[in-house]
file data-v2.txt (compact mmCIF, C-alpha atoms (C1' of nucleotides))
# COMPACT_ATOMS: atom_id res chain seq x y z
CA MET A 1330 152.63 -127.48 95.64
CA SER A 1331 153.68 -129.31 98.77
CA THR A 1332 154.10 -127.51 102.04
CA GLU A 1333 157.74 -128.59 102.14
CA LYS A 1334 158.51 -127.17 98.74
CA ALA A 1335 156.82 -123.85 99.61
CA LEU A 1336 158.78 -123.67 102.82
CA ILE A 1337 162.05 -124.38 101.08
CA GLU A 1338 161.36 -121.68 98.50
CA ALA A 1339 160.46 -119.17 101.18
CA LEU A 1340 163.63 -119.96 103.09
CA SER A 1341 165.85 -119.70 100.05
CA ALA A 1342 164.27 -116.38 99.22
CA LEU A 1343 165.33 -115.19 102.63
CA VAL A 1344 168.92 -116.20 101.95
CA THR A 1345 169.29 -115.28 98.29
CA GLY A 1346 166.70 -112.52 97.88
CA PRO A 1347 167.41 -108.83 98.18
CA PRO A 1348 168.01 -107.70 101.75
CA ARG A 1349 164.83 -106.45 103.33
CA PRO A 1350 165.50 -105.32 106.87
CA VAL A 1351 162.83 -106.33 109.34
CA ILE A 1352 162.75 -102.76 110.49
CA ASP A 1353 161.28 -101.67 107.13
CA VAL A 1354 158.45 -104.13 107.48
CA VAL A 1355 157.55 -103.35 111.06
CA PHE A 1356 158.03 -99.61 110.97
CA SER A 1357 156.77 -96.87 108.72
CA SER A 1358 158.86 -93.78 108.13
CA TRP A 1359 157.92 -90.18 108.62
CA ILE A 1360 159.24 -86.94 107.27
CA ARG A 1361 158.21 -83.29 107.43
CA VAL A 1362 157.95 -81.62 104.02
CA ASP A 1363 156.64 -78.48 102.38
CA GLY A 1364 153.11 -78.86 101.10
CA PRO A 1365 151.26 -76.57 98.71
CA VAL A 1366 149.94 -74.73 101.78
CA GLY A 1367 152.16 -75.00 104.84
CA GLU A 1368 154.16 -77.99 105.96
CA LEU A 1369 153.02 -81.59 106.21
CA TYR A 1370 153.96 -84.66 108.20
CA VAL A 1371 153.99 -87.58 105.79
CA ALA A 1372 154.24 -91.23 106.81
CA PHE A 1373 155.09 -93.99 104.33
CA GLY A 1374 155.83 -97.69 104.32
CA GLU A 1375 156.89 -100.20 101.71
CA LYS A 1376 153.54 -100.03 99.94
CA GLY A 1377 153.39 -96.27 99.74
CA VAL A 1378 152.30 -93.17 101.59
CA ASN A 1379 149.90 -94.14 104.36
CA PHE A 1380 149.25 -91.08 106.54
CA ILE A 1381 149.43 -87.30 106.26
CA ARG A 1382 148.69 -84.49 108.73
CA ALA A 1383 149.11 -80.74 108.43
CA ALA A 1384 152.05 -79.55 110.49
CA ASP A 1385 150.52 -76.20 111.30
CA ALA A 1386 147.17 -77.65 112.25
CA VAL A 1387 146.30 -77.68 115.90
CA GLU A 1388 148.86 -79.36 118.13
CA HIS A 1389 150.82 -81.19 115.52
CA ASP A 1390 154.43 -81.62 116.40
CA ALA A 1391 156.40 -84.74 115.55
CA ILE A 1392 155.43 -86.41 118.82
CA THR A 1393 151.69 -86.02 118.36
CA PHE A 1394 152.02 -87.06 114.74
CA GLU A 1395 153.69 -90.31 115.77
CA GLU A 1396 150.99 -90.83 118.36
CA THR A 1397 148.04 -90.23 116.01
CA PHE A 1398 149.73 -92.47 113.47
CA ARG A 1399 150.10 -95.28 115.98
CA VAL A 1400 146.46 -94.97 116.98
CA ALA A 1401 145.33 -94.96 113.33
CA LEU A 1402 147.66 -97.58 111.85
CA GLY A 1403 148.83 -99.57 114.86
CA LYS A 1404 152.49 -99.29 113.89
CA PRO A 1405 155.45 -97.32 115.19
CA LEU A 1406 157.26 -94.66 113.18
CA ARG A 1407 160.86 -93.75 112.68
CA HIS A 1408 162.26 -90.65 111.08
CA ALA A 1409 163.38 -90.75 107.44
CA GLU A 1410 166.05 -88.65 105.79
CA HIS A 1411 164.33 -88.38 102.43
CA PRO A 1412 160.76 -88.34 101.14
CA PRO A 1413 159.67 -91.32 99.00
CA ALA A 1414 160.30 -90.99 95.27
CA GLY A 1415 157.65 -88.95 93.53
CA LEU A 1416 156.11 -87.45 96.66
CA MET A 1417 157.21 -83.86 96.15
CA PRO A 1418 156.07 -83.58 92.52
CA ALA A 1419 152.79 -85.23 93.49
CA LEU A 1420 152.22 -82.70 96.28
CA HIS A 1421 153.12 -79.68 94.18
CA GLY A 1422 152.49 -80.63 90.56
CA ARG A 1423 149.33 -79.94 88.67
CA SER A 1424 149.33 -83.25 86.81
CA ALA A 1425 147.86 -86.44 88.19
CA SER A 1426 150.25 -88.10 90.56
CA THR A 1427 151.50 -91.63 90.48
CA VAL A 1428 153.02 -91.83 93.96
CA PRO A 1429 152.11 -95.14 95.52
CA VAL A 1430 149.51 -94.73 98.24
CA ASP A 1431 148.78 -97.45 100.78
CA LEU A 1432 145.03 -97.68 101.40
CA GLY A 1433 145.21 -101.25 102.59
CA HIS A 1434 143.39 -100.85 105.87
CA LEU A 1435 140.33 -99.15 104.39
CA THR A 1436 136.99 -100.66 103.33
CA ASP A 1437 136.18 -101.16 99.64
CA PHE A 1438 133.72 -98.30 99.75
CA GLU A 1439 136.32 -95.94 101.21
CA ARG A 1440 138.90 -96.98 98.63
CA ASP A 1441 136.42 -96.41 95.82
CA VAL A 1442 135.63 -92.94 97.15
CA LEU A 1443 139.31 -92.00 97.38
CA THR A 1444 140.14 -93.45 93.96
CA ALA A 1445 137.38 -91.41 92.31
CA THR A 1446 138.46 -88.31 94.23
CA ARG A 1447 142.00 -88.76 93.00
CA ARG A 1448 140.76 -88.30 89.43
CA ILE A 1449 139.55 -84.74 90.02
CA PRO A 1450 142.02 -82.50 88.16
CA SER A 1451 143.97 -79.87 89.99
CA GLY A 1452 142.23 -76.51 89.68
CA GLN A 1453 138.75 -78.04 89.66
CA VAL A 1454 136.08 -79.11 92.13
CA ARG A 1455 133.23 -81.64 92.14
CA PRO A 1456 130.23 -82.08 94.42
CA TYR A 1457 130.02 -84.92 96.93
CA GLY A 1458 127.16 -86.28 94.86
CA TRP A 1459 129.48 -86.52 91.85
CA VAL A 1460 131.80 -88.87 93.73
CA ALA A 1461 128.82 -90.94 94.82
CA ARG A 1462 127.64 -91.25 91.23
CA GLU A 1463 131.12 -92.02 89.91
CA ILE A 1464 131.47 -95.04 92.20
CA GLY A 1465 128.01 -96.33 91.32
CA ARG A 1466 126.39 -95.41 94.65
CA PRO A 1467 124.44 -92.29 93.69
CA LYS A 1468 122.51 -92.09 96.93
CA ALA A 1469 125.47 -92.62 99.24
CA VAL A 1470 126.25 -88.92 99.21
CA ARG A 1471 126.58 -88.41 102.90
CA ALA A 1472 128.58 -91.60 103.28
CA VAL A 1473 131.01 -90.14 100.74
CA GLY A 1474 131.52 -87.22 103.10
CA THR A 1475 132.16 -89.62 105.96
CA ALA A 1476 134.68 -91.55 103.87
CA LEU A 1477 136.49 -88.37 102.83
CA GLY A 1478 136.60 -87.29 106.46
CA ASN A 1479 138.50 -90.52 107.01
CA ASN A 1480 140.97 -89.87 104.15
CA PRO A 1481 144.32 -90.96 105.61
CA VAL A 1482 146.32 -88.97 103.06
CA PRO A 1483 144.72 -85.54 102.59
CA VAL A 1484 146.32 -83.15 100.08
CA LEU A 1485 147.89 -86.09 98.24
CA ILE A 1486 144.43 -87.53 97.62
CA PRO A 1487 142.66 -84.23 97.01
CA CYS A 1488 139.52 -84.49 99.09
CA HIS A 1489 139.68 -80.68 99.30
CA ARG A 1490 138.40 -80.70 95.69
CA VAL A 1491 135.07 -82.18 96.77
CA VAL A 1492 132.59 -79.46 97.67
CA ARG A 1493 128.91 -78.98 98.45
CA SER A 1494 126.37 -78.88 95.67
CA ASP A 1495 125.09 -75.48 96.84
CA GLY A 1496 128.43 -73.80 96.08
CA GLN A 1497 129.78 -73.77 99.63
CA LEU A 1498 133.12 -75.43 100.12
CA GLY A 1499 131.95 -77.69 102.92
CA GLU A 1500 133.95 -79.30 105.70
CA TYR A 1501 137.58 -80.37 105.69
CA VAL A 1502 139.88 -82.40 107.97
CA PHE A 1503 142.24 -79.48 108.41
CA GLY A 1504 139.48 -76.86 108.53
CA ARG A 1505 137.53 -74.92 105.93
CA ALA A 1506 140.18 -72.19 105.73
CA MET A 1507 142.83 -74.64 104.59
CA LYS A 1508 140.42 -76.17 102.10
CA GLU A 1509 140.00 -72.77 100.49
CA ASP A 1510 143.75 -72.04 100.65
CA LEU A 1511 144.52 -75.32 98.90
CA LEU A 1512 142.00 -74.63 96.16
CA ARG A 1513 143.35 -71.12 95.60
CA ALA A 1514 146.91 -72.44 95.56
CA GLU A 1515 145.99 -74.69 92.64
CA LYS A 1516 144.25 -71.80 90.86
CA THR A 1517 140.68 -73.00 91.21
CA ASN A 1518 138.25 -70.24 90.26
CA VAL A 1519 136.67 -70.27 93.72
CA ASP A 1520 135.38 -66.69 93.50
CA GLU A 1521 133.71 -67.25 90.17
CA VAL A 1522 132.14 -70.48 91.36
CA ALA A 1523 130.84 -68.67 94.44
CA ASP A 1524 129.47 -65.77 92.37
CA LEU A 1525 127.68 -68.16 90.05
CA ALA A 1526 126.27 -70.10 92.99
CA LYS A 1527 124.91 -66.87 94.43
CA ARG A 1528 122.93 -66.52 91.19
CA LYS A 1529 121.90 -70.19 91.42
CA VAL A 1530 124.08 -71.16 88.47
CA PHE A 1531 125.70 -74.55 89.06
CA TYR A 1532 126.41 -75.59 85.47
CA LEU A 1533 127.81 -73.79 82.44
CA GLY A 1534 127.21 -74.70 78.82
CA SER A 1535 128.25 -73.42 75.43
CA ASP A 1536 125.45 -72.67 72.99
CA THR A 1537 127.76 -73.50 70.11
CA THR A 1538 128.80 -76.99 71.23
CA HIS A 1539 125.76 -77.66 73.42
CA ILE A 1540 128.02 -79.26 75.99
CA VAL A 1541 127.39 -78.57 79.67
CA CYS A 1542 130.05 -78.61 82.41
CA TYR A 1543 130.67 -77.91 86.05
CA PRO A 1544 131.82 -74.27 86.28
CA SER A 1545 135.36 -75.20 87.35
CA CYS A 1546 135.87 -77.61 84.43
CA ALA A 1547 138.73 -76.59 82.17
CA HIS A 1548 136.35 -76.64 79.24
CA ALA A 1549 133.72 -74.46 80.89
CA ARG A 1550 136.39 -71.90 81.65
CA ARG A 1551 137.10 -71.47 77.95
CA ILE A 1552 133.54 -70.67 76.90
CA THR A 1553 133.59 -67.08 75.72
CA GLY A 1554 131.11 -64.56 77.09
CA PRO A 1555 128.19 -64.45 74.68
CA HIS A 1556 128.10 -68.21 74.22
CA ARG A 1557 128.10 -69.00 77.92
CA LYS A 1558 124.78 -70.25 79.25
CA GLY A 1559 124.17 -70.88 82.93
CA PHE A 1560 121.91 -73.61 84.32
CA ARG A 1561 120.57 -74.17 87.78
CA THR A 1562 120.12 -77.91 87.39
CA ILE A 1563 121.60 -80.50 85.11
CA ASP A 1564 118.08 -81.47 84.04
CA ALA A 1565 117.47 -77.94 82.81
CA ALA A 1566 120.59 -78.20 80.65
CA LEU A 1567 119.72 -81.63 79.29
CA THR A 1568 116.17 -80.51 78.53
CA ALA A 1569 117.61 -77.56 76.64
CA GLY A 1570 119.44 -80.01 74.40
CA TYR A 1571 122.87 -79.94 76.04
CA ARG A 1572 124.87 -83.08 76.69
CA PRO A 1573 127.14 -83.62 79.69
CA CYS A 1574 130.85 -82.88 79.20
CA LYS A 1575 132.88 -86.07 78.92
CA HIS A 1576 135.65 -84.66 81.08
CA CYS A 1577 133.83 -83.32 84.13
CA ARG A 1578 130.80 -85.61 83.73
CA PRO A 1579 128.06 -83.53 85.37
CA ALA A 1580 125.67 -86.39 84.55
CA GLU A 1581 125.78 -89.88 83.14
CA VAL A 1582 126.21 -89.94 79.40
CA ALA A 1583 122.91 -91.11 78.00
C1' DG B 1490 116.52 -69.55 102.97
C1' DG B 1491 116.83 -72.46 106.66
C1' DG B 1492 115.08 -76.39 108.54
C1' DC B 1493 114.09 -81.26 108.21
C1' DG B 1494 113.97 -85.70 106.96
C1' DG B 1495 115.90 -89.00 103.56
C1' DG B 1496 119.76 -91.65 102.64
C1' DC B 1497 124.03 -94.43 103.42
C1' DG B 1498 128.43 -96.66 105.37
C1' DG B 1499 130.95 -97.68 109.50
C1' DG B 1500 131.81 -98.37 114.22
C1' DA B 1501 130.27 -99.07 118.98
C1' DG B 1502 127.61 -101.60 121.78
C1' DA C 310 123.43 -110.25 114.02
C1' DC C 311 121.07 -106.27 115.09
C1' DT C 312 120.31 -101.73 116.52
C1' DC C 313 121.61 -97.17 117.24
C1' DC C 314 124.19 -93.18 116.30
C1' DC C 315 127.07 -90.18 113.91
C1' DG C 316 128.99 -87.71 109.90
C1' DC C 317 133.46 -82.92 105.02
C1' DC C 318 125.59 -84.13 102.34
C1' DC C 319 121.21 -83.08 99.39
C1' DG C 320 117.07 -81.13 98.02
C1' DC C 321 112.56 -80.19 99.05
C1' DC C 322 109.15 -77.46 101.70

call {"tool": "encode", "arguments": {"input": "data-v2.txt", "output": "structure tokens"}}
result
Amino acid sequence: MSTEKALIEALSALVTGPPRPVIDVVFSSWIRVDGPVGELYVAFGEKGVNFIRAADAVEHDAITFEETFRVALGKPLRHAEHPPAGLMPALHGRSASTVPVDLGHLTDFERDVLTATRRIPSGQVRPYGWVAREIGRPKAVRAVGTALGNNPVPVLIPCHRVVRSDGQLGEYVFGRAMKEDLLRAEKTNVDEVADLAKRKVFYLGSDTTHIVCYPSCAHARRITGPHRKGFRTIDAALTAGYRPCKHCRPAEVA
DNA sequence: GGGCGGGCGGGAG
DNA sequence: ACTCCCGCCCGCC
């Protein structure tokens, strides 16, 4: 296509296309909303939600939120009257969200990490190593932690559901306390997971199905008492003839 | 059971 | 381009 033709089409689009105020392109919008635990500042542009901070976290009023946003994204913010469509159900619902999220300024690795993290169901947790394995970089465990620490949209992309392999909850952008609060708010069995970890049990299997899960997996939680077998390592479970659950994927399916 | 080094991506020189 | 350093980690000793 000639340059002239492209130019003409672009210009006609400006005249005949739907109005798209320059202000919406240059600015992102912000709004303060109720989150599952406390209030949140949420920023969003045309491509989706692009930045979230906890309102009750240290020194976060609207002014500092705008400032941290400008430093992170290099754009100014203006206040919005309404949250973007789908945001509130995504923040509060238990089903997987479909709110558009703008991860445009991240690296491929960081996007992969966040995309895999987004697939962890509400009410469940996975180790950092699980995320690494899911994105095909099984040894990049610590780098996964770094990437999650850089999650621009916490809560919405649930990096609080990624925990340490030893049963501890691990670090969190808004502090460990909020990580635990968020998990409890979505009914994760944090106490049971901790109790099991204390006994060095990190996997649960059923001796009737011979399927092994992470302890927070919805399937593991339905194994009735006498059939519940605990394992310290996934290898121990596989050696005992169990196969990894297809939902929580505690190991690659052989 | 904690300490230590391996491992990896990203950003700052 | 290369090196160095840091970070929501992991598993062995």

call {"tool": "atom_distance", "arguments": {"input": "data-v2.txt", "atom1": "CA of Asp1385 (chain A)", "atom2": "CA of Arg1440 (chain A)"}}
result
27.0 Å

call {"tool": "atom_distance", "arguments": {"input": "data-v2.txt", "atom1": "CA of Phe1560 (chain A)", "atom2": "CA of Thr1446 (chain A)"}}
result
24.3 Å

call {"tool": "interface_residues", "arguments": {"input": "data-v2.txt", "of": "chain B", "to": "chain A", "cutoff": "7 Å", "atoms": "all atoms listed in the file", "output": "ChimeraX atom specification"}}
result
/B:1496-1498

call {"tool": "residues_around", "arguments": {"input": "data-v2.txt", "residues": "DC1493 (chain B)", "least_positions_apart": "6", "cutoff": "12 Å", "atoms": "all atoms listed in the file", "output": "list in words"}}
result
DC319, DG320, DC321 and DC322 of chain C

call {"tool": "atom_distance", "arguments": {"input": "data-v2.txt", "atom1": "CA of Lys1527 (chain A)", "atom2": "C1' of DG1490 (chain B)"}}
result
12.3 Å

call {"tool": "build_atoms", "arguments": {"input": "data-v2.txt", "residues": "region 1565-1576 of chain A", "atoms": "all heavy atoms", "output": "PDB file, keeping the file's coordinate frame"}}
result
ATOM      1  N   ALA A1565     117.805 -79.103  83.637  1.00  0.00           N
ATOM      2  CA  ALA A1565     117.470 -77.940  82.810  1.00  0.00           C
ATOM      3  C   ALA A1565     118.367 -77.907  81.576  1.00  0.00           C
ATOM      4  O   ALA A1565     117.917 -77.612  80.466  1.00  0.00           O
ATOM      5  CB  ALA A1565     117.629 -76.661  83.632  1.00  0.00           C
ATOM      6  N   ALA A1566     119.651 -78.219  81.773  1.00  0.00           N
ATOM      7  CA  ALA A1566     120.590 -78.200  80.650  1.00  0.00           C
ATOM      8  C   ALA A1566     120.279 -79.309  79.651  1.00  0.00           C
ATOM      9  O   ALA A1566     120.283 -79.091  78.433  1.00  0.00           O
ATOM     10  CB  ALA A1566     122.017 -78.336  81.169  1.00  0.00           C
ATOM     11  N   LEU A1567     120.009 -80.501  80.180  1.00  0.00           N
ATOM     12  CA  LEU A1567     119.720 -81.630  79.290  1.00  0.00           C
ATOM     13  C   LEU A1567     118.438 -81.374  78.504  1.00  0.00           C
ATOM     14  O   LEU A1567     118.368 -81.644  77.298  1.00  0.00           O
ATOM     15  CB  LEU A1567     119.604 -82.931  80.102  1.00  0.00           C
ATOM     16  CG  LEU A1567     120.861 -83.333  80.885  1.00  0.00           C
ATOM     17  CD1 LEU A1567     120.630 -84.639  81.650  1.00  0.00           C
ATOM     18  CD2 LEU A1567     122.076 -83.473  79.968  1.00  0.00           C
ATOM     19  N   THR A1568     117.441 -80.840  79.194  1.00  0.00           N
ATOM     20  CA  THR A1568     116.170 -80.510  78.530  1.00  0.00           C
ATOM     21  C   THR A1568     116.380 -79.493  77.414  1.00  0.00           C
ATOM     22  O   THR A1568     115.702 -79.533  76.386  1.00  0.00           O
ATOM     23  CB  THR A1568     115.164 -79.966  79.561  1.00  0.00           C
ATOM     24  OG1 THR A1568     114.997 -80.937  80.594  1.00  0.00           O
ATOM     25  CG2 THR A1568     113.819 -79.675  78.921  1.00  0.00           C
ATOM     26  N   ALA A1569     117.340 -78.581  77.640  1.00  0.00           N
ATOM     27  CA  ALA A1569     117.610 -77.560  76.640  1.00  0.00           C
ATOM     28  C   ALA A1569     118.459 -78.107  75.487  1.00  0.00           C
ATOM     29  O   ALA A1569     118.878 -77.340  74.611  1.00  0.00           O
ATOM     30  CB  ALA A1569     118.323 -76.371  77.296  1.00  0.00           C
ATOM     31  N   GLY A1570     118.735 -79.404  75.515  1.00  0.00           N
ATOM     32  CA  GLY A1570     119.440 -80.010  74.400  1.00  0.00           C
ATOM     33  C   GLY A1570     120.952 -80.079  74.577  1.00  0.00           C
ATOM     34  O   GLY A1570     121.673 -80.357  73.617  1.00  0.00           O
ATOM     35  N   TYR A1571     121.433 -79.839  75.784  1.00  0.00           N
ATOM     36  CA  TYR A1571     122.870 -79.940  76.040  1.00  0.00           C
ATOM     37  C   TYR A1571     123.195 -81.363  76.467  1.00  0.00           C
ATOM     38  O   TYR A1571     122.362 -82.069  77.014  1.00  0.00           O
ATOM     39  CB  TYR A1571     123.283 -78.969  77.146  1.00  0.00           C
ATOM     40  CG  TYR A1571     123.310 -77.524  76.690  1.00  0.00           C
ATOM     41  CD1 TYR A1571     122.125 -76.868  76.344  1.00  0.00           C
ATOM     42  CD2 TYR A1571     124.509 -76.830  76.594  1.00  0.00           C
ATOM     43  CE1 TYR A1571     122.147 -75.554  75.914  1.00  0.00           C
ATOM     44  CE2 TYR A1571     124.537 -75.516  76.171  1.00  0.00           C
ATOM     45  CZ  TYR A1571     123.355 -74.880  75.828  1.00  0.00           C
ATOM     46  OH  TYR A1571     123.395 -73.583  75.408  1.00  0.00           O
ATOM     47  N   ARG A1572     124.442 -81.778  76.202  1.00  0.00           N
ATOM     48  CA  ARG A1572     124.870 -83.080  76.690  1.00  0.00           C
ATOM     49  C   ARG A1572     126.021 -82.883  77.681  1.00  0.00           C
ATOM     50  O   ARG A1572     126.787 -81.924  77.564  1.00  0.00           O
ATOM     51  CB  ARG A1572     125.282 -83.991  75.534  1.00  0.00           C
ATOM     52  CG  ARG A1572     126.511 -83.533  74.756  1.00  0.00           C
ATOM     53  CD  ARG A1572     127.566 -84.636  74.741  1.00  0.00           C
ATOM     54  NE  ARG A1572     128.669 -84.312  73.837  1.00  0.00           N
ATOM     55  CZ  ARG A1572     129.927 -84.156  74.273  1.00  0.00           C
ATOM     56  NH1 ARG A1572     130.214 -84.244  75.546  1.00  0.00           N
ATOM     57  NH2 ARG A1572     130.898 -83.900  73.401  1.00  0.00           N
ATOM     58  N   PRO A1573     126.119 -83.789  78.648  1.00  0.00           N
ATOM     59  CA  PRO A1573     127.140 -83.620  79.690  1.00  0.00           C
ATOM     60  C   PRO A1573     128.559 -83.727  79.123  1.00  0.00           C
ATOM     61  O   PRO A1573     128.835 -84.589  78.283  1.00  0.00           O
ATOM     62  CB  PRO A1573     126.859 -84.748  80.681  1.00  0.00           C
ATOM     63  CG  PRO A1573     125.954 -85.700  79.978  1.00  0.00           C
ATOM     64  CD  PRO A1573     125.232 -84.939  78.925  1.00  0.00           C
ATOM     65  N   CYS A1574     129.434 -82.864  79.570  1.00  0.00           N
ATOM     66  CA  CYS A1574     130.850 -82.880  79.200  1.00  0.00           C
ATOM     67  C   CYS A1574     131.460 -84.235  79.562  1.00  0.00           C
ATOM     68  O   CYS A1574     131.200 -84.783  80.619  1.00  0.00           O
ATOM     69  CB  CYS A1574     131.589 -81.764  79.953  1.00  0.00           C
ATOM     70  SG  CYS A1574     133.377 -81.826  79.815  1.00  0.00           S
ATOM     71  N   LYS A1575     132.290 -84.752  78.671  1.00  0.00           N
ATOM     72  CA  LYS A1575     132.880 -86.070  78.920  1.00  0.00           C
ATOM     73  C   LYS A1575     134.056 -85.983  79.895  1.00  0.00           C
ATOM     74  O   LYS A1575     134.542 -87.003  80.369  1.00  0.00           O
ATOM     75  CB  LYS A1575     133.347 -86.687  77.599  1.00  0.00           C
ATOM     76  CG  LYS A1575     132.188 -87.166  76.751  1.00  0.00           C
ATOM     77  CD  LYS A1575     132.633 -87.683  75.397  1.00  0.00           C
ATOM     78  CE  LYS A1575     131.414 -88.096  74.560  1.00  0.00           C
ATOM     79  NZ  LYS A1575     131.788 -88.360  73.147  1.00  0.00           N
ATOM     80  N   HIS A1576     134.518 -84.791  80.161  1.00  0.00           N
ATOM     81  CA  HIS A1576     135.650 -84.660  81.080  1.00  0.00           C
ATOM     82  C   HIS A1576     135.198 -84.480  82.519  1.00  0.00           C
ATOM     83  O   HIS A1576     135.674 -85.175  83.403  1.00  0.00           O
ATOM     84  CB  HIS A1576     136.539 -83.500  80.635  1.00  0.00           C
ATOM     85  CG  HIS A1576     137.149 -83.731  79.290  1.00  0.00           C
ATOM     86  ND1 HIS A1576     136.533 -83.320  78.121  1.00  0.00           N
ATOM     87  CD2 HIS A1576     138.290 -84.366  78.925  1.00  0.00           C
ATOM     88  CE1 HIS A1576     137.297 -83.688  77.096  1.00  0.00           C
ATOM     89  NE2 HIS A1576     138.358 -84.322  77.542  1.00  0.00           N
TER      90      HIS A1576
END
